[in-house]
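Data file: entry.pdb. Format and content: PDB, C-alpha atoms and all ligand atoms.
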ATOM      1  CA  MET A 277      55.612 133.713 123.113  1.00  0.00           C
ATOM      2  CA  ILE A 278      52.864 133.355 120.497  1.00  0.00           C
ATOM      3  CA  LYS A 279      51.422 136.664 119.354  1.00  0.00           C
ATOM      4  CA  LEU A 280      47.815 136.904 118.240  1.00  0.00           C
ATOM      5  CA  TYR A 281      46.785 139.984 116.308  1.00  0.00           C
ATOM      6  CA  GLY A 282      43.030 140.282 116.708  1.00  0.00           C
ATOM      7  CA  TYR A 283      40.154 142.454 117.773  1.00  0.00           C
ATOM      8  CA  TRP A 284      37.760 141.858 120.640  1.00  0.00           C
ATOM      9  CA  ARG A 285      34.687 141.634 118.415  1.00  0.00           C
ATOM     10  CA  SER A 286      36.289 139.686 115.583  1.00  0.00           C
ATOM     11  CA  SER A 287      34.698 136.263 115.567  1.00  0.00           C
ATOM     12  CA  ALA A 288      37.592 134.849 113.517  1.00  0.00           C
ATOM     13  CA  ALA A 289      40.049 136.005 116.199  1.00  0.00           C
ATOM     14  CA  TYR A 290      37.667 134.707 118.883  1.00  0.00           C
ATOM     15  CA  ARG A 291      37.990 131.199 117.369  1.00  0.00           C
ATOM     16  CA  VAL A 292      41.770 131.317 117.752  1.00  0.00           C
ATOM     17  CA  ARG A 293      41.579 132.739 121.283  1.00  0.00           C
ATOM     18  CA  ILE A 294      39.460 129.754 122.312  1.00  0.00           C
ATOM     19  CA  ALA A 295      41.995 127.393 120.706  1.00  0.00           C
ATOM     20  CA  CYS A 296      44.910 128.945 122.629  1.00  0.00           C
ATOM     21  CA  HIS A 297      43.065 128.863 125.949  1.00  0.00           C
ATOM     22  CA  HIS A 298      41.818 125.321 125.329  1.00  0.00           C
ATOM     23  CA  LYS A 299      45.384 124.144 124.756  1.00  0.00           C
ATOM     24  CA  GLY A 300      46.759 126.206 127.622  1.00  0.00           C
ATOM     25  CA  LEU A 301      49.088 128.152 125.311  1.00  0.00           C
ATOM     26  CA  ALA A 302      50.368 131.461 126.607  1.00  0.00           C
ATOM     27  CA  PHE A 303      49.858 134.174 124.025  1.00  0.00           C
ATOM     28  CA  GLU A 304      50.101 137.917 123.704  1.00  0.00           C
ATOM     29  CA  ASN A 305      46.883 139.487 122.496  1.00  0.00           C
ATOM     30  CA  ILE A 306      47.687 142.407 120.177  1.00  0.00           C
ATOM     31  CA  SER A 307      44.760 144.599 119.255  1.00  0.00           C
ATOM     32  CA  VAL A 308      44.164 145.678 115.664  1.00  0.00           C
ATOM     33  CA  ASN A 309      41.266 148.086 116.030  1.00  0.00           C
ATOM     34  CA  LEU A 310      39.019 147.415 113.025  1.00  0.00           C
ATOM     35  CA  VAL A 311      36.967 150.581 113.423  1.00  0.00           C
ATOM     36  CA  ASN A 312      39.110 153.395 114.859  1.00  0.00           C
ATOM     37  CA  ALA A 313      40.454 155.899 112.341  1.00  0.00           C
ATOM     38  CA  GLY A 314      39.132 153.896 109.405  1.00  0.00           C
ATOM     39  CA  GLY A 315      40.618 150.633 110.679  1.00  0.00           C
ATOM     40  CA  GLU A 316      44.116 149.649 111.790  1.00  0.00           C
ATOM     41  CA  GLN A 317      43.930 146.575 109.537  1.00  0.00           C
ATOM     42  CA  PHE A 318      44.828 148.924 106.668  1.00  0.00           C
ATOM     43  CA  LEU A 319      47.992 150.321 108.262  1.00  0.00           C
ATOM     44  CA  PRO A 320      51.258 149.288 106.567  1.00  0.00           C
ATOM     45  CA  GLY A 321      52.631 147.968 109.866  1.00  0.00           C
ATOM     46  CA  TYR A 322      49.835 145.395 109.873  1.00  0.00           C
ATOM     47  CA  THR A 323      49.404 144.646 106.158  1.00  0.00           C
ATOM     48  CA  VAL A 324      52.974 143.418 106.060  1.00  0.00           C
ATOM     49  CA  LEU A 325      51.761 140.645 108.403  1.00  0.00           C
ATOM     50  CA  ASN A 326      48.402 140.169 106.720  1.00  0.00           C
ATOM     51  CA  PRO A 327      48.177 141.436 103.125  1.00  0.00           C
ATOM     52  CA  ASN A 328      44.441 140.573 103.125  1.00  0.00           C
ATOM     53  CA  LYS A 329      43.878 143.304 105.746  1.00  0.00           C
ATOM     54  CA  LEU A 330      41.915 141.007 108.011  1.00  0.00           C
ATOM     55  CA  VAL A 331      42.390 139.653 111.523  1.00  0.00           C
ATOM     56  CA  PRO A 332      43.521 137.302 112.959  1.00  0.00           C
ATOM     57  CA  THR A 333      47.216 136.860 112.321  1.00  0.00           C
ATOM     58  CA  LEU A 334      49.291 134.507 114.423  1.00  0.00           C
ATOM     59  CA  VAL A 335      53.021 134.983 114.909  1.00  0.00           C
ATOM     60  CA  ASP A 336      54.833 132.016 116.434  1.00  0.00           C
ATOM     61  CA  GLY A 337      58.554 132.761 116.495  1.00  0.00           C
ATOM     62  CA  ASP A 338      59.476 133.547 112.894  1.00  0.00           C
ATOM     63  CA  ARG A 339      56.275 131.952 111.549  1.00  0.00           C
ATOM     64  CA  ILE A 340      53.481 134.266 110.411  1.00  0.00           C
ATOM     65  CA  LEU A 341      50.095 132.784 109.604  1.00  0.00           C
ATOM     66  CA  ASN A 342      46.704 134.122 108.461  1.00  0.00           C
ATOM     67  CA  GLN A 343      43.281 132.468 108.270  1.00  0.00           C
ATOM     68  CA  SER A 344      41.724 131.276 111.521  1.00  0.00           C
ATOM     69  CA  LEU A 345      41.074 127.695 110.403  1.00  0.00           C
ATOM     70  CA  ALA A 346      44.636 127.295 109.129  1.00  0.00           C
ATOM     71  CA  ILE A 347      45.890 128.808 112.384  1.00  0.00           C
ATOM     72  CA  ILE A 348      43.807 126.431 114.493  1.00  0.00           C
ATOM     73  CA  GLU A 349      45.022 123.419 112.495  1.00  0.00           C
ATOM     74  CA  TYR A 350      48.617 124.641 112.788  1.00  0.00           C
ATOM     75  CA  LEU A 351      48.254 124.989 116.561  1.00  0.00           C
ATOM     76  CA  ASP A 352      46.728 121.529 116.712  1.00  0.00           C
ATOM     77  CA  ASP A 353      49.661 120.024 114.802  1.00  0.00           C
ATOM     78  CA  ALA A 354      52.375 121.993 116.580  1.00  0.00           C
ATOM     79  CA  TYR A 355      50.871 121.697 120.079  1.00  0.00           C
ATOM     80  CA  PRO A 356      49.035 118.362 119.988  1.00  0.00           C
ATOM     81  CA  ASP A 357      47.843 118.298 123.607  1.00  0.00           C
ATOM     82  CA  LYS A 358      44.055 118.590 123.888  1.00  0.00           C
ATOM     83  CA  PRO A 359      43.454 118.003 120.163  1.00  0.00           C
ATOM     84  CA  LEU A 360      40.809 119.992 118.327  1.00  0.00           C
ATOM     85  CA  LEU A 361      40.433 117.474 115.516  1.00  0.00           C
ATOM     86  CA  PRO A 362      39.551 113.815 115.993  1.00  0.00           C
ATOM     87  CA  GLU A 363      41.983 111.070 114.941  1.00  0.00           C
ATOM     88  CA  ARG A 364      40.200 109.218 112.158  1.00  0.00           C
ATOM     89  CA  ALA A 365      40.264 110.611 108.628  1.00  0.00           C
ATOM     90  CA  PHE A 366      36.515 110.742 108.096  1.00  0.00           C
ATOM     91  CA  ASP A 367      35.867 112.215 111.544  1.00  0.00           C
ATOM     92  CA  ARG A 368      38.420 114.947 110.854  1.00  0.00           C
ATOM     93  CA  ALA A 369      36.760 115.694 107.526  1.00  0.00           C
ATOM     94  CA  GLN A 370      33.376 115.993 109.231  1.00  0.00           C
ATOM     95  CA  VAL A 371      34.710 118.476 111.784  1.00  0.00           C
ATOM     96  CA  ARG A 372      36.272 120.500 108.966  1.00  0.00           C
ATOM     97  CA  ALA A 373      32.971 120.450 107.081  1.00  0.00           C
ATOM     98  CA  LEU A 374      31.018 121.681 110.124  1.00  0.00           C
ATOM     99  CA  SER A 375      33.619 124.400 110.678  1.00  0.00           C
ATOM    100  CA  GLN A 376      33.553 125.534 107.058  1.00  0.00           C
ATOM    101  CA  ASN A 377      29.754 125.789 107.061  1.00  0.00           C
ATOM    102  CA  ILE A 378      30.279 128.698 109.415  1.00  0.00           C
ATOM    103  CA  ALA A 379      33.715 130.061 108.628  1.00  0.00           C
ATOM    104  CA  VAL A 380      33.595 129.730 104.842  1.00  0.00           C
ATOM    105  CA  ASP A 381      29.926 129.801 103.805  1.00  0.00           C
ATOM    106  CA  CYS A 382      28.364 132.119 106.386  1.00  0.00           C
ATOM    107  CA  HIS A 383      30.786 134.434 108.175  1.00  0.00           C
ATOM    108  CA  PRO A 384      32.385 136.112 105.094  1.00  0.00           C
ATOM    109  CA  LEU A 385      28.998 137.335 103.870  1.00  0.00           C
ATOM    110  CA  ASN A 386      28.487 139.297 107.084  1.00  0.00           C
ATOM    111  CA  ASN A 387      32.023 140.560 107.505  1.00  0.00           C
ATOM    112  CA  LEU A 388      32.645 144.214 108.320  1.00  0.00           C
ATOM    113  CA  ARG A 389      33.983 145.051 104.858  1.00  0.00           C
ATOM    114  CA  VAL A 390      30.895 143.523 103.219  1.00  0.00           C
ATOM    115  CA  LEU A 391      28.543 145.463 105.514  1.00  0.00           C
ATOM    116  CA  LYS A 392      30.484 148.657 104.814  1.00  0.00           C
ATOM    117  CA  TYR A 393      30.240 148.016 101.067  1.00  0.00           C
ATOM    118  CA  LEU A 394      26.476 147.484 101.339  1.00  0.00           C
ATOM    119  CA  SER A 395      26.075 150.826 103.146  1.00  0.00           C
ATOM    120  CA  ASN A 396      28.675 153.007 101.483  1.00  0.00           C
ATOM    121  CA  GLU A 397      28.710 151.784  97.881  1.00  0.00           C
ATOM    122  CA  LEU A 398      25.306 150.187  97.349  1.00  0.00           C
ATOM    123  CA  LYS A 399      23.455 152.620  99.646  1.00  0.00           C
ATOM    124  CA  VAL A 400      21.586 149.835 101.404  1.00  0.00           C
ATOM    125  CA  ASP A 401      19.710 151.126 104.460  1.00  0.00           C
ATOM    126  CA  ASP A 402      20.104 149.745 107.993  1.00  0.00           C
ATOM    127  CA  ALA A 403      16.889 147.690 107.892  1.00  0.00           C
ATOM    128  CA  ALA A 404      17.897 145.947 104.666  1.00  0.00           C
ATOM    129  CA  LYS A 405      21.388 145.386 106.027  1.00  0.00           C
ATOM    130  CA  ALA A 406      19.965 143.741 109.152  1.00  0.00           C
ATOM    131  CA  LYS A 407      17.837 141.515 106.890  1.00  0.00           C
ATOM    132  CA  TRP A 408      20.925 140.538 104.893  1.00  0.00           C
ATOM    133  CA  TYR A 409      22.803 139.772 108.111  1.00  0.00           C
ATOM    134  CA  SER A 410      20.136 137.547 109.637  1.00  0.00           C
ATOM    135  CA  HIS A 411      19.374 135.836 106.324  1.00  0.00           C
ATOM    136  CA  TRP A 412      22.859 134.359 106.001  1.00  0.00           C
ATOM    137  CA  ILE A 413      23.026 133.273 109.629  1.00  0.00           C
ATOM    138  CA  GLU A 414      19.595 131.651 109.401  1.00  0.00           C
ATOM    139  CA  GLN A 415      20.598 129.790 106.205  1.00  0.00           C
ATOM    140  CA  ALA A 416      23.756 128.500 107.849  1.00  0.00           C
ATOM    141  CA  PHE A 417      22.212 127.618 111.193  1.00  0.00           C
ATOM    142  CA  ALA A 418      19.258 125.798 109.597  1.00  0.00           C
ATOM    143  CA  GLY A 419      21.624 123.515 107.686  1.00  0.00           C
ATOM    144  CA  LEU A 420      23.983 123.118 110.604  1.00  0.00           C
ATOM    145  CA  GLU A 421      21.154 122.181 112.973  1.00  0.00           C
ATOM    146  CA  LEU A 422      20.232 119.265 110.663  1.00  0.00           C
ATOM    147  CA  GLN A 423      23.841 118.116 110.396  1.00  0.00           C
ATOM    148  CA  LEU A 424      24.233 118.281 114.155  1.00  0.00           C
ATOM    149  CA  GLN A 425      21.450 115.700 114.464  1.00  0.00           C
ATOM    150  CA  HIS A 426      23.984 113.229 113.049  1.00  0.00           C
ATOM    151  CA  THR A 427      27.258 114.469 114.486  1.00  0.00           C
ATOM    152  CA  SER A 428      26.636 116.076 117.858  1.00  0.00           C
ATOM    153  CA  GLY A 429      26.857 114.771 121.396  1.00  0.00           C
ATOM    154  CA  LEU A 430      27.597 117.259 124.115  1.00  0.00           C
ATOM    155  CA  TYR A 431      29.343 119.346 121.464  1.00  0.00           C
ATOM    156  CA  CYS A 432      29.251 119.706 117.673  1.00  0.00           C
ATOM    157  CA  PHE A 433      31.107 116.470 117.075  1.00  0.00           C
ATOM    158  CA  GLY A 434      30.489 113.899 119.785  1.00  0.00           C
ATOM    159  CA  ASP A 435      31.498 114.673 123.336  1.00  0.00           C
ATOM    160  CA  GLN A 436      34.860 116.359 122.714  1.00  0.00           C
ATOM    161  CA  ILE A 437      35.503 119.996 121.944  1.00  0.00           C
ATOM    162  CA  THR A 438      36.575 120.364 118.311  1.00  0.00           C
ATOM    163  CA  MET A 439      37.332 123.143 115.855  1.00  0.00           C
ATOM    164  CA  ALA A 440      33.620 123.141 114.955  1.00  0.00           C
ATOM    165  CA  ASP A 441      32.705 124.416 118.439  1.00  0.00           C
ATOM    166  CA  LEU A 442      35.368 127.105 118.097  1.00  0.00           C
ATOM    167  CA  CYS A 443      33.563 128.301 114.968  1.00  0.00           C
ATOM    168  CA  LEU A 444      30.030 127.923 116.301  1.00  0.00           C
ATOM    169  CA  ILE A 445      30.218 129.889 119.551  1.00  0.00           C
ATOM    170  CA  PRO A 446      31.628 133.105 117.998  1.00  0.00           C
ATOM    171  CA  GLN A 447      28.977 132.893 115.274  1.00  0.00           C
ATOM    172  CA  VAL A 448      26.273 132.562 117.947  1.00  0.00           C
ATOM    173  CA  TYR A 449      27.792 135.649 119.594  1.00  0.00           C
ATOM    174  CA  ASN A 450      27.369 137.493 116.281  1.00  0.00           C
ATOM    175  CA  ALA A 451      23.785 136.266 115.943  1.00  0.00           C
ATOM    176  CA  GLU A 452      22.920 137.466 119.444  1.00  0.00           C
ATOM    177  CA  ARG A 453      24.622 140.785 118.833  1.00  0.00           C
ATOM    178  CA  PHE A 454      22.423 141.387 115.798  1.00  0.00           C
ATOM    179  CA  ASN A 455      19.248 140.015 117.425  1.00  0.00           C
ATOM    180  CA  VAL A 456      18.944 136.920 115.236  1.00  0.00           C
ATOM    181  CA  SER A 457      16.597 134.481 116.985  1.00  0.00           C
ATOM    182  CA  LEU A 458      18.019 131.069 117.901  1.00  0.00           C
ATOM    183  CA  GLN A 459      14.576 129.679 118.694  1.00  0.00           C
ATOM    184  CA  GLN A 460      14.640 127.252 115.745  1.00  0.00           C
ATOM    185  CA  TYR A 461      17.973 125.699 116.671  1.00  0.00           C
ATOM    186  CA  PRO A 462      17.760 123.678 119.909  1.00  0.00           C
ATOM    187  CA  LEU A 463      20.940 121.697 119.267  1.00  0.00           C
ATOM    188  CA  ILE A 464      22.936 124.856 118.584  1.00  0.00           C
ATOM    189  CA  ARG A 465      21.540 126.429 121.762  1.00  0.00           C
ATOM    190  CA  GLY A 466      22.382 123.383 123.894  1.00  0.00           C
ATOM    191  CA  ILE A 467      25.951 123.132 122.563  1.00  0.00           C
ATOM    192  CA  THR A 468      26.430 126.861 123.130  1.00  0.00           C
ATOM    193  CA  GLU A 469      25.230 126.633 126.732  1.00  0.00           C
ATOM    194  CA  ARG A 470      27.611 123.762 127.473  1.00  0.00           C
ATOM    195  CA  CYS A 471      30.598 125.387 125.751  1.00  0.00           C
ATOM    196  CA  ARG A 472      30.052 128.614 127.655  1.00  0.00           C
ATOM    197  CA  THR A 473      30.553 126.812 130.948  1.00  0.00           C
ATOM    198  CA  LEU A 474      34.105 125.826 129.920  1.00  0.00           C
ATOM    199  CA  PRO A 475      37.030 128.067 130.974  1.00  0.00           C
ATOM    200  CA  ALA A 476      38.568 128.320 127.469  1.00  0.00           C
ATOM    201  CA  PHE A 477      35.356 129.769 126.062  1.00  0.00           C
ATOM    202  CA  GLY A 478      34.876 132.057 129.054  1.00  0.00           C
ATOM    203  CA  LEU A 479      38.384 133.503 128.839  1.00  0.00           C
ATOM    204  CA  ALA A 480      38.092 134.092 125.097  1.00  0.00           C
ATOM    205  CA  GLN A 481      34.796 135.969 125.176  1.00  0.00           C
ATOM    206  CA  PRO A 482      34.912 139.390 123.530  1.00  0.00           C
ATOM    207  CA  GLU A 483      33.874 141.454 126.551  1.00  0.00           C
ATOM    208  CA  LEU A 484      36.834 140.166 128.564  1.00  0.00           C
ATOM    209  CA  GLN A 485      39.488 141.211 126.047  1.00  0.00           C
ATOM    210  CA  PRO A 486      41.730 144.148 126.966  1.00  0.00           C
ATOM    211  CA  ASP A 487      40.645 146.154 123.903  1.00  0.00           C
ATOM    212  CA  ALA A 488      36.916 145.695 124.568  1.00  0.00           C
ATOM    213  CA  VAL A 489      34.868 148.894 124.477  1.00  0.00           C
ATOM    214  CA  LEU A 490      31.801 148.309 126.617  1.00  0.00           C
TER     215      LEU A 490
HETATM  216  N1  LIG B 501      38.640 133.800 106.608  1.00  0.00           N
HETATM  217  C1  LIG B 501      39.261 134.709 107.537  1.00  0.00           C
HETATM  218  C2  LIG B 501      38.284 135.801 107.854  1.00  0.00           C
HETATM  219  C3  LIG B 501      38.921 136.914 108.623  1.00  0.00           C
HETATM  220  C4  LIG B 501      37.965 138.080 108.792  1.00  0.00           C
HETATM  221  O1  LIG B 501      37.012 138.211 108.026  1.00  0.00           O
HETATM  222  N2  LIG B 501      38.208 138.911 109.812  1.00  0.00           N
HETATM  223  C5  LIG B 501      37.364 140.059 110.031  1.00  0.00           C
HETATM  224  C6  LIG B 501      36.968 140.153 111.487  1.00  0.00           C
HETATM  225  S1  LIG B 501      36.015 138.772 112.009  1.00  0.00           S
HETATM  226  C7  LIG B 501      38.118 141.315 109.670  1.00  0.00           C
HETATM  227  O2  LIG B 501      39.305 141.420 109.900  1.00  0.00           O
HETATM  228  N3  LIG B 501      37.407 142.322 109.103  1.00  0.00           N
HETATM  229  C8  LIG B 501      37.990 143.561 108.760  1.00  0.00           C
HETATM  230  C9  LIG B 501      37.280 144.225 107.618  1.00  0.00           C
HETATM  231  O3  LIG B 501      36.273 143.676 107.162  1.00  0.00           O
HETATM  232  O4  LIG B 501      37.763 145.272 107.203  1.00  0.00           O
HETATM  233  C10 LIG B 501      39.662 133.946 108.802  1.00  0.00           C
HETATM  234  O5  LIG B 501      38.995 132.954 109.126  1.00  0.00           O
HETATM  235  O6  LIG B 501      40.654 134.314 109.441  1.00  0.00           O
END
For the structure just supplied, provide its representation as structure tokens.
Ligand SMILES: N[C@@H](CCC(=O)N[C@@H](CS)C(=O)NCC(=O)O)C(=O)O
Amino acid sequence: MIKLYGYWRSSAAYRVRIACHHKGLAFENISVNLVNAGGEQFLPGYTVLNPNKLVPTLVDGDRILNQSLAIIEYLDDAYPDKPLLPERAFDRAQVRALSQNIAVDCHPLNNLRVLKYLSNELKVDDAAKAKWYSHWIEQAFAGLELQLQHTSGLYCFGDQITMADLCLIPQVYNAERFNVSLQQYPLIRGITERCRTLPAFGLAQPELQPDAVL
């Protein structure tokens, strides 16, 4: 069975959880607690799987893979039912571009290790850190909202769930968690509402994971 090393609040792991549920793939959810005892992502037993000390990591038989977007594309190739990328070359590129706006340009700036560096090394206070956090989400969502005017239907790209939705909904979860207003982004809000009614997104939500601390 596929093993997914993740953490309930990790939005990168959340993307992959949605992918597995969407495709109906059975998987074992293995928790790597990012906060307890300084973080289990730094333990040798985990870094052998992911030398970058980040979650998620997918293990499928003897195949070990890092990076949520690479994992999602691997799952889409290996388990093609209910595809997460469209068929045509340019459509696929557009979905990748939407996904990378979030996963490559926005999310890394607000990652746990960056926030810890701001506090511990640069002595940034909590108010300034919150400003940093919302700034990068607002930048990303403002651009995305304009792109969605051209690409979206019910979801980020037309009327089918794609990898872009798998990136968007966890990032909206992060925004809500840190009280970033979504007022300016009606398309993002509408897509989020519709995605949240779908079982794959419901099952993958952080609060429902076995390692959730509520
Ligand atoms: N580009 C990576 C990002 C992975 C990542 O940043 N994971 C975060 C959780 S969302 C993490 O493990 N953080 C641990 C830390 O910052 O120490 C991916 O998409 O898989």
Review point. Hey, which residues come within 6 Å of ligand LIG 501 (chain B) if we count all atoms listed in the file? Could you give them as a PyMOL selection string?
Key: chain A and resi 286-288+310+330-332+343-345+384+387-389
Using only C-alpha atoms, please write the residues we just selected to a file, as an mmCIF file, in the coordinates of the input.
data_model
loop_
_atom_site.group_PDB
_atom_site.id
_atom_site.type_symbol
_atom_site.label_atom_id
_atom_site.label_comp_id
_atom_site.auth_asym_id
_atom_site.auth_seq_id
_atom_site.Cartn_x
_atom_site.Cartn_y
_atom_site.Cartn_z
ATOM 1 C CA SER A 286 36.289 139.686 115.583
ATOM 2 C CA SER A 287 34.698 136.263 115.567
ATOM 3 C CA ALA A 288 37.592 134.849 113.517
ATOM 4 C CA LEU A 310 39.019 147.415 113.025
ATOM 5 C CA LEU A 330 41.915 141.007 108.011
ATOM 6 C CA VAL A 331 42.390 139.653 111.523
ATOM 7 C CA PRO A 332 43.521 137.302 112.959
ATOM 8 C CA GLN A 343 43.281 132.468 108.270
ATOM 9 C CA SER A 344 41.724 131.276 111.521
ATOM 10 C CA LEU A 345 41.074 127.695 110.403
ATOM 11 C CA PRO A 384 32.385 136.112 105.094
ATOM 12 C CA ASN A 387 32.023 140.560 107.505
ATOM 13 C CA LEU A 388 32.645 144.214 108.320
ATOM 14 C CA ARG A 389 33.983 145.051 104.858
#
**Study point:** Residues near segment 375-377 of chain A, cut-off 6 Å, all atoms listed in the file, skip fewer than 4 positions along chain, as a list in words
**Key:** Asp381, Ala440 and Cys443 of chain A
Point to revise | Output check: residues returned by the PyMOL selection byres (((chain A and resi 450-462) around 8) and not hetatm), as a ChimeraX atom specification | key: /A:287,406,409-410,413-414,417-418,421,446-449,463-466
Exercise for review: With the file shown as input, list the residues that the PyMOL selection byres (((chain A and resi 298) around 12) and not hetatm) selects, as a VMD selection string.
Suggested key: chain A and resid 291 to 297 299 to 302 348 351 to 352 355 to 360 436 to 439 441 to 442 471 474 to 480
Selected residues written out, C-alpha atoms, as a PDB file, in the coordinates of the input:
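Below is the file out-v1.pdb, written as the result:
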ATOM      1  CA  ARG A 291      37.990 131.199 117.369  1.00  0.00           C
ATOM      2  CA  VAL A 292      41.770 131.317 117.752  1.00  0.00           C
ATOM      3  CA  ARG A 293      41.579 132.739 121.283  1.00  0.00           C
ATOM      4  CA  ILE A 294      39.460 129.754 122.312  1.00  0.00           C
ATOM      5  CA  ALA A 295      41.995 127.393 120.706  1.00  0.00           C
ATOM      6  CA  CYS A 296      44.910 128.945 122.629  1.00  0.00           C
ATOM      7  CA  HIS A 297      43.065 128.863 125.949  1.00  0.00           C
ATOM      8  CA  LYS A 299      45.384 124.144 124.756  1.00  0.00           C
ATOM      9  CA  GLY A 300      46.759 126.206 127.622  1.00  0.00           C
ATOM     10  CA  LEU A 301      49.088 128.152 125.311  1.00  0.00           C
ATOM     11  CA  ALA A 302      50.368 131.461 126.607  1.00  0.00           C
ATOM     12  CA  ILE A 348      43.807 126.431 114.493  1.00  0.00           C
ATOM     13  CA  LEU A 351      48.254 124.989 116.561  1.00  0.00           C
ATOM     14  CA  ASP A 352      46.728 121.529 116.712  1.00  0.00           C
ATOM     15  CA  TYR A 355      50.871 121.697 120.079  1.00  0.00           C
ATOM     16  CA  PRO A 356      49.035 118.362 119.988  1.00  0.00           C
ATOM     17  CA  ASP A 357      47.843 118.298 123.607  1.00  0.00           C
ATOM     18  CA  LYS A 358      44.055 118.590 123.888  1.00  0.00           C
ATOM     19  CA  PRO A 359      43.454 118.003 120.163  1.00  0.00           C
ATOM     20  CA  LEU A 360      40.809 119.992 118.327  1.00  0.00           C
ATOM     21  CA  GLN A 436      34.860 116.359 122.714  1.00  0.00           C
ATOM     22  CA  ILE A 437      35.503 119.996 121.944  1.00  0.00           C
ATOM     23  CA  THR A 438      36.575 120.364 118.311  1.00  0.00           C
ATOM     24  CA  MET A 439      37.332 123.143 115.855  1.00  0.00           C
ATOM     25  CA  ASP A 441      32.705 124.416 118.439  1.00  0.00           C
ATOM     26  CA  LEU A 442      35.368 127.105 118.097  1.00  0.00           C
ATOM     27  CA  CYS A 471      30.598 125.387 125.751  1.00  0.00           C
ATOM     28  CA  LEU A 474      34.105 125.826 129.920  1.00  0.00           C
ATOM     29  CA  PRO A 475      37.030 128.067 130.974  1.00  0.00           C
ATOM     30  CA  ALA A 476      38.568 128.320 127.469  1.00  0.00           C
ATOM     31  CA  PHE A 477      35.356 129.769 126.062  1.00  0.00           C
ATOM     32  CA  GLY A 478      34.876 132.057 129.054  1.00  0.00           C
ATOM     33  CA  LEU A 479      38.384 133.503 128.839  1.00  0.00           C
ATOM     34  CA  ALA A 480      38.092 134.092 125.097  1.00  0.00           C
TER      35      ALA A 480
END
Point to revise | Distance query Arg285 of chain A at most 8 Å, all atoms listed in the file, self and fewer than 2 positions along chain excluded, as JSON, numbers by chain | key: {"A": [283, 287, 290, 482, 488]}
Please enclose the listed atoms of segment 412-426 of chain A in an axis-aligned box, pad each side by 6 Å, and write out the centre and the three edge lengths in Å, rounded to one decimal, as AutoDock Vina command-line options.
--center_x 21.7 --center_y 123.8 --center_z 110.2 --size_x 17.0 --size_y 33.1 --size_z 20.5
Review point. Got a sec to resolve the PyMOL selection byres (((chain A and resi 342) around 12) and not hetatm) on this structure and send the residues as a PyMOL selection string?
Key: chain A and resi 280-282+288-289+292+322-336+339-341+343-350
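Counting all atoms listed in the file and comparing A:Ala403, A:Leu490, A:Val390, A:Val371, the residue that lies closest to Leu420 of chain A is A:Val371.
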Exercise for review: Name the residues in contact with Asn312 of chain A at a cut-off of 12 Å, using only C-alpha atoms, excluding same-chain residues fewer than 6 positions from it; report them as a list of chain:residue names.
Suggested key: A:Tyr283, A:Phe318, A:Leu319, A:Asp487, A:Val489
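Nearest to Gly434 of chain A of all the residues A:Ala404, A:Cys382, A:Pro362, A:Gln317 is A:Pro362, based on only C-alpha atoms.
Candidate residues A:Ala313, A:Ile467, A:Leu398, A:Leu385 were compared for distance to Gly429 of chain A, and the nearest is A:Ile467, using all atoms listed in the file.
Atom CA of Glu304 of chain A sits 4.7 Å away from atom CA of Lys279 of chain A.
Counting from atom CA of Ala365 of chain A, the distance to atom CA of Phe433 of chain A is 13.8 Å.
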Exercise for review: Select, from A:Arg470, A:His383, A:Lys399, A:Lys392, the residue with the minimum atom-to-atom distance to Gln415 of chain A, counting all atoms listed in the file.
Suggested key: A:His383
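Each of A:Pro320, A:Ile445, A:Arg372, A:Trp284 was checked against Ile306 of chain A using only C-alpha atoms; the smallest atom-to-atom distance is that of A:Trp284.
Remark: for Asp367 of chain A, the closest of the candidate residues A:Leu394, A:Cys432, A:Leu484, A:Leu444 is A:Cys432 (distances computed over only C-alpha atoms).
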Point to revise | Between atom CA of Ile378 of chain A and atom CA of Leu422 of chain A - distance in Å to one decimal | key: 13.8 Å
Kindly output segment 439-447 of chain A as a compact mmCIF listing (two decimals), in the frame of the given file, after building N, CA and C atoms.
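The resulting file, selection_35.txt, is reproduced below:
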# COMPACT_ATOMS: atom_id res chain seq x y z
N MET A 439 37.28 121.88 116.59
CA MET A 439 37.33 123.14 115.86
C MET A 439 35.92 123.65 115.50
N ALA A 440 34.98 122.72 115.31
CA ALA A 440 33.62 123.14 114.96
C ALA A 440 32.99 123.98 116.07
N ASP A 441 33.24 123.62 117.32
CA ASP A 441 32.70 124.42 118.44
C ASP A 441 33.37 125.79 118.49
N LEU A 442 34.64 125.83 118.10
CA LEU A 442 35.37 127.10 118.10
C LEU A 442 34.80 128.05 117.04
N CYS A 443 34.21 127.47 116.00
CA CYS A 443 33.56 128.30 114.97
C CYS A 443 32.14 128.66 115.38
N LEU A 444 31.45 127.69 115.99
CA LEU A 444 30.03 127.92 116.30
C LEU A 444 29.81 129.02 117.34
N ILE A 445 30.54 128.98 118.44
CA ILE A 445 30.22 129.89 119.55
C ILE A 445 30.43 131.36 119.16
N PRO A 446 31.52 131.71 118.46
CA PRO A 446 31.63 133.10 118.00
C PRO A 446 30.52 133.50 117.01
N GLN A 447 30.06 132.55 116.21
CA GLN A 447 28.98 132.89 115.27
C GLN A 447 27.67 133.10 116.03
